[in-house]
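To start, the structure itself, in structure tokens.
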Protein chains: 2
Amino acid sequence: MVTKMEGAINCLVEVFHKYSLMHGHYHTLSKEKLRKLIETECPELLKNPRDPKTVESVLKELDSNKDSMINFEEYLFFTTRLMVDAHDDSHHE
Amino acid sequence: MVTKMEGAINCLVEVFHKYSLMHGHYHTLSKEKLRKLIETECPELLKNPRDPKTVESVLKELDSNKDSMINFEEYLFFTTRLMVDAHDDSHHE
């Protein structure tokens, strides 16, 4: 029996794999995979008027090793960033 | 319409608030709140034979500012750690 929190953690890992395993390098997200992930899984990210973003700006922000790909460690920064935004929103509501 | 990923992110923020808002300091988890959170929301963490943990060891690991409380920024390390474990597990299965 999985708790809601465990389900949420598993979901975030599954989202990474859903796109990383699509084609090409299985352990990373290319810019095109990242675009599909963002447009499908968190489309609101590109619509925030307080902090406008593009797929390119997200990739640049996350790609700490500068290989133009997002590996799982870099994806962790992405989910952390989404949590910070969601936390901020919860205190603005 | 919230996607699964957005729901997962919101869930992780809500779990923090569920325990932080219980009593005492509303923006932090005391050791007892952290104990309740772990025992209720991610009980498997204390049962991993490969990496045995206690509430005390988790608190010590997360409490980077050494105030014996877990704030939201420190909680982000906690969820990141859970994702790393879930990712490792997915590759061991």
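Each chain in the structure tokens gets a letter, A, B, ..., in the order shown, and its residues are numbered from 1; ligands are numbered from 1 in order too.
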
Could you give me, as CSV, a per-residue list for chain A showing, wherever an atom lies at most 12 Å from an atom of region 5-26 of chain B, the closest pair of atoms and their distance in Å to one decimal, using only C-alpha atoms and sorting by chain then residue number from low to high?
residue,atom,partner,partner_atom,distance
A:Thr3,CA,B:Cys11,CA,11.0
A:Lys4,CA,B:Cys11,CA,7.5
A:Met5,CA,B:Leu12,CA,6.3
A:Glu6,CA,B:Leu12,CA,9.4
A:Gly7,CA,B:Ala8,CA,7.7
A:Ala8,CA,B:Ala8,CA,4.4
A:Ile9,CA,B:Ala8,CA,7.2
A:Asn10,CA,B:Ala8,CA,8.9
A:Cys11,CA,B:Ala8,CA,6.7
A:Leu12,CA,B:Met5,CA,6.3
A:Val13,CA,B:Met5,CA,9.8
A:Glu14,CA,B:Met5,CA,9.5
A:Val15,CA,B:Met5,CA,7.3
A:Phe16,CA,B:Met5,CA,10.2
A:Lys18,CA,B:Met5,CA,11.8
A:Leu37,CA,B:Met5,CA,9.9
A:Ile38,CA,B:Met5,CA,10.0
A:Glu39,CA,B:Met5,CA,11.6
A:Thr40,CA,B:Met5,CA,9.5
A:Glu41,CA,B:Met5,CA,5.8
A:Cys42,CA,B:Glu6,CA,6.2
A:Pro43,CA,B:Glu6,CA,9.3
A:Glu44,CA,B:Glu6,CA,9.1
A:Leu45,CA,B:Glu6,CA,10.1
A:Phe78,CA,B:Ile9,CA,11.0
A:Thr79,CA,B:Ile9,CA,7.5
A:Thr80,CA,B:Ile9,CA,8.9
A:Arg81,CA,B:Ile9,CA,10.0
A:Leu82,CA,B:Ile9,CA,6.9
A:Met83,CA,B:Ile9,CA,5.8
A:Val84,CA,B:Val13,CA,8.7
A:Asp85,CA,B:Ile9,CA,9.7
A:Ala86,CA,B:Asn10,CA,6.4
A:His87,CA,B:Val13,CA,6.1
A:Asp88,CA,B:Val13,CA,9.9
A:Asp89,CA,B:Asn10,CA,10.2
A:Ser90,CA,B:Val13,CA,8.6
A:His91,CA,B:His17,CA,10.7

Go ahead and write the selection's residues with N, CA and C atoms as a compact mmCIF listing (two decimals), in the first residue's frame.
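This is the output file selection20.txt:
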# COMPACT_ATOMS: atom_id res chain seq x y z
N THR A 3 1.51 5.27 0.07
CA THR A 3 0.86 6.50 0.55
C THR A 3 0.82 7.52 -0.58
N LYS A 4 0.04 8.59 -0.36
CA LYS A 4 -0.03 9.66 -1.37
C LYS A 4 1.35 10.26 -1.63
N MET A 5 2.12 10.45 -0.55
CA MET A 5 3.45 11.05 -0.71
C MET A 5 4.36 10.13 -1.52
N GLU A 6 4.35 8.84 -1.19
CA GLU A 6 5.16 7.88 -1.95
C GLU A 6 4.71 7.85 -3.42
N GLY A 7 3.39 7.93 -3.64
CA GLY A 7 2.86 7.97 -5.00
C GLY A 7 3.35 9.21 -5.75
N ALA A 8 3.40 10.34 -5.04
CA ALA A 8 3.86 11.59 -5.67
C ALA A 8 5.33 11.49 -6.05
N ILE A 9 6.14 10.94 -5.16
CA ILE A 9 7.57 10.76 -5.44
C ILE A 9 7.76 9.84 -6.64
N ASN A 10 7.04 8.71 -6.64
CA ASN A 10 7.14 7.77 -7.77
C ASN A 10 6.69 8.42 -9.07
N CYS A 11 5.64 9.23 -9.00
CA CYS A 11 5.13 9.91 -10.20
C CYS A 11 6.22 10.80 -10.81
N LEU A 12 6.93 11.54 -9.97
CA LEU A 12 7.96 12.46 -10.50
C LEU A 12 9.11 11.69 -11.16
N VAL A 13 9.45 10.52 -10.60
CA VAL A 13 10.49 9.68 -11.22
C VAL A 13 9.97 9.11 -12.54
N GLU A 14 8.70 8.67 -12.53
CA GLU A 14 8.11 8.09 -13.75
C GLU A 14 8.02 9.11 -14.88
N VAL A 15 7.72 10.36 -14.54
CA VAL A 15 7.64 11.41 -15.57
C VAL A 15 9.02 11.55 -16.24
N PHE A 16 10.09 11.54 -15.43
CA PHE A 16 11.43 11.63 -16.02
C PHE A 16 11.65 10.48 -17.00
N LYS A 18 9.49 8.54 -18.48
CA LYS A 18 8.55 8.57 -19.62
C LYS A 18 9.18 9.32 -20.81
N LEU A 37 8.02 17.29 -22.29
CA LEU A 37 7.70 17.11 -20.87
C LEU A 37 7.02 18.37 -20.31
N ILE A 38 7.62 19.52 -20.55
CA ILE A 38 7.07 20.76 -19.99
C ILE A 38 5.69 21.06 -20.59
N GLU A 39 5.57 20.95 -21.92
CA GLU A 39 4.29 21.29 -22.56
C GLU A 39 3.17 20.36 -22.14
N THR A 40 3.53 19.10 -21.83
CA THR A 40 2.50 18.11 -21.50
C THR A 40 2.25 18.02 -20.00
N GLU A 41 3.31 18.05 -19.21
CA GLU A 41 3.20 17.73 -17.79
C GLU A 41 3.11 18.97 -16.88
N CYS A 42 3.68 20.07 -17.30
CA CYS A 42 3.61 21.28 -16.46
C CYS A 42 3.52 22.53 -17.34
N PRO A 43 2.44 22.58 -18.15
CA PRO A 43 2.29 23.69 -19.11
C PRO A 43 2.19 25.07 -18.46
N GLU A 44 1.75 25.10 -17.21
CA GLU A 44 1.59 26.40 -16.53
C GLU A 44 2.93 27.12 -16.36
N LEU A 45 4.02 26.33 -16.35
CA LEU A 45 5.35 26.92 -16.14
C LEU A 45 5.67 27.99 -17.17
N PHE A 78 14.87 20.71 -11.19
CA PHE A 78 13.63 21.14 -11.85
C PHE A 78 12.44 20.92 -10.91
N THR A 79 12.32 19.71 -10.33
CA THR A 79 11.19 19.43 -9.44
C THR A 79 11.27 20.29 -8.19
N THR A 80 12.49 20.54 -7.70
CA THR A 80 12.64 21.42 -6.54
C THR A 80 12.13 22.82 -6.87
N ARG A 81 12.48 23.29 -8.06
CA ARG A 81 12.04 24.61 -8.50
C ARG A 81 10.51 24.68 -8.59
N LEU A 82 9.90 23.61 -9.11
CA LEU A 82 8.44 23.57 -9.20
C LEU A 82 7.81 23.58 -7.81
N MET A 83 8.44 22.90 -6.86
CA MET A 83 7.92 22.89 -5.48
C MET A 83 8.03 24.28 -4.85
N VAL A 84 9.13 24.98 -5.11
CA VAL A 84 9.29 26.33 -4.57
C VAL A 84 8.19 27.24 -5.12
N ASP A 85 7.92 27.13 -6.42
CA ASP A 85 6.85 27.94 -7.03
C ASP A 85 5.49 27.59 -6.42
N ALA A 86 5.22 26.28 -6.27
CA ALA A 86 3.92 25.84 -5.72
C ALA A 86 3.78 26.31 -4.26
N HIS A 87 4.89 26.28 -3.52
CA HIS A 87 4.88 26.74 -2.12
C HIS A 87 4.61 28.24 -2.08
N ASP A 88 5.28 29.00 -2.93
CA ASP A 88 5.05 30.46 -3.00
C ASP A 88 3.58 30.73 -3.34
N ASP A 89 3.07 30.01 -4.34
CA ASP A 89 1.67 30.21 -4.73
C ASP A 89 0.73 29.93 -3.57
N SER A 90 1.02 28.90 -2.79
CA SER A 90 0.13 28.54 -1.68
C SER A 90 0.08 29.65 -0.63
N HIS A 91 1.15 30.42 -0.53
CA HIS A 91 1.16 31.51 0.45
C HIS A 91 0.63 32.82 -0.14

Counting only C-alpha atoms, the residue of A:Glu73, A:Val2, A:Thr28, A:Arg35 that sits nearest Ser57 (chain A):
A:Arg35

Any chance you could list, as a ChimeraX atom specification, the residues in chain A that come up helix (DSSP H, G or I) when DSSP is run on the backbone?
/A:4-20,31-41,43-47,55-62,72-92

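Using only C-alpha atoms, the smallest distance between any of B:His92, B:Tyr75, B:Ile70, B:Lys31 and Thr54 (chain B) comes from B:Lys31.
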
Assign secondary structure with DSSP using the backbone only, and return the residues of chain A in strand (DSSP E or B) as a ChimeraX atom specification.
/A:28-29,70-71
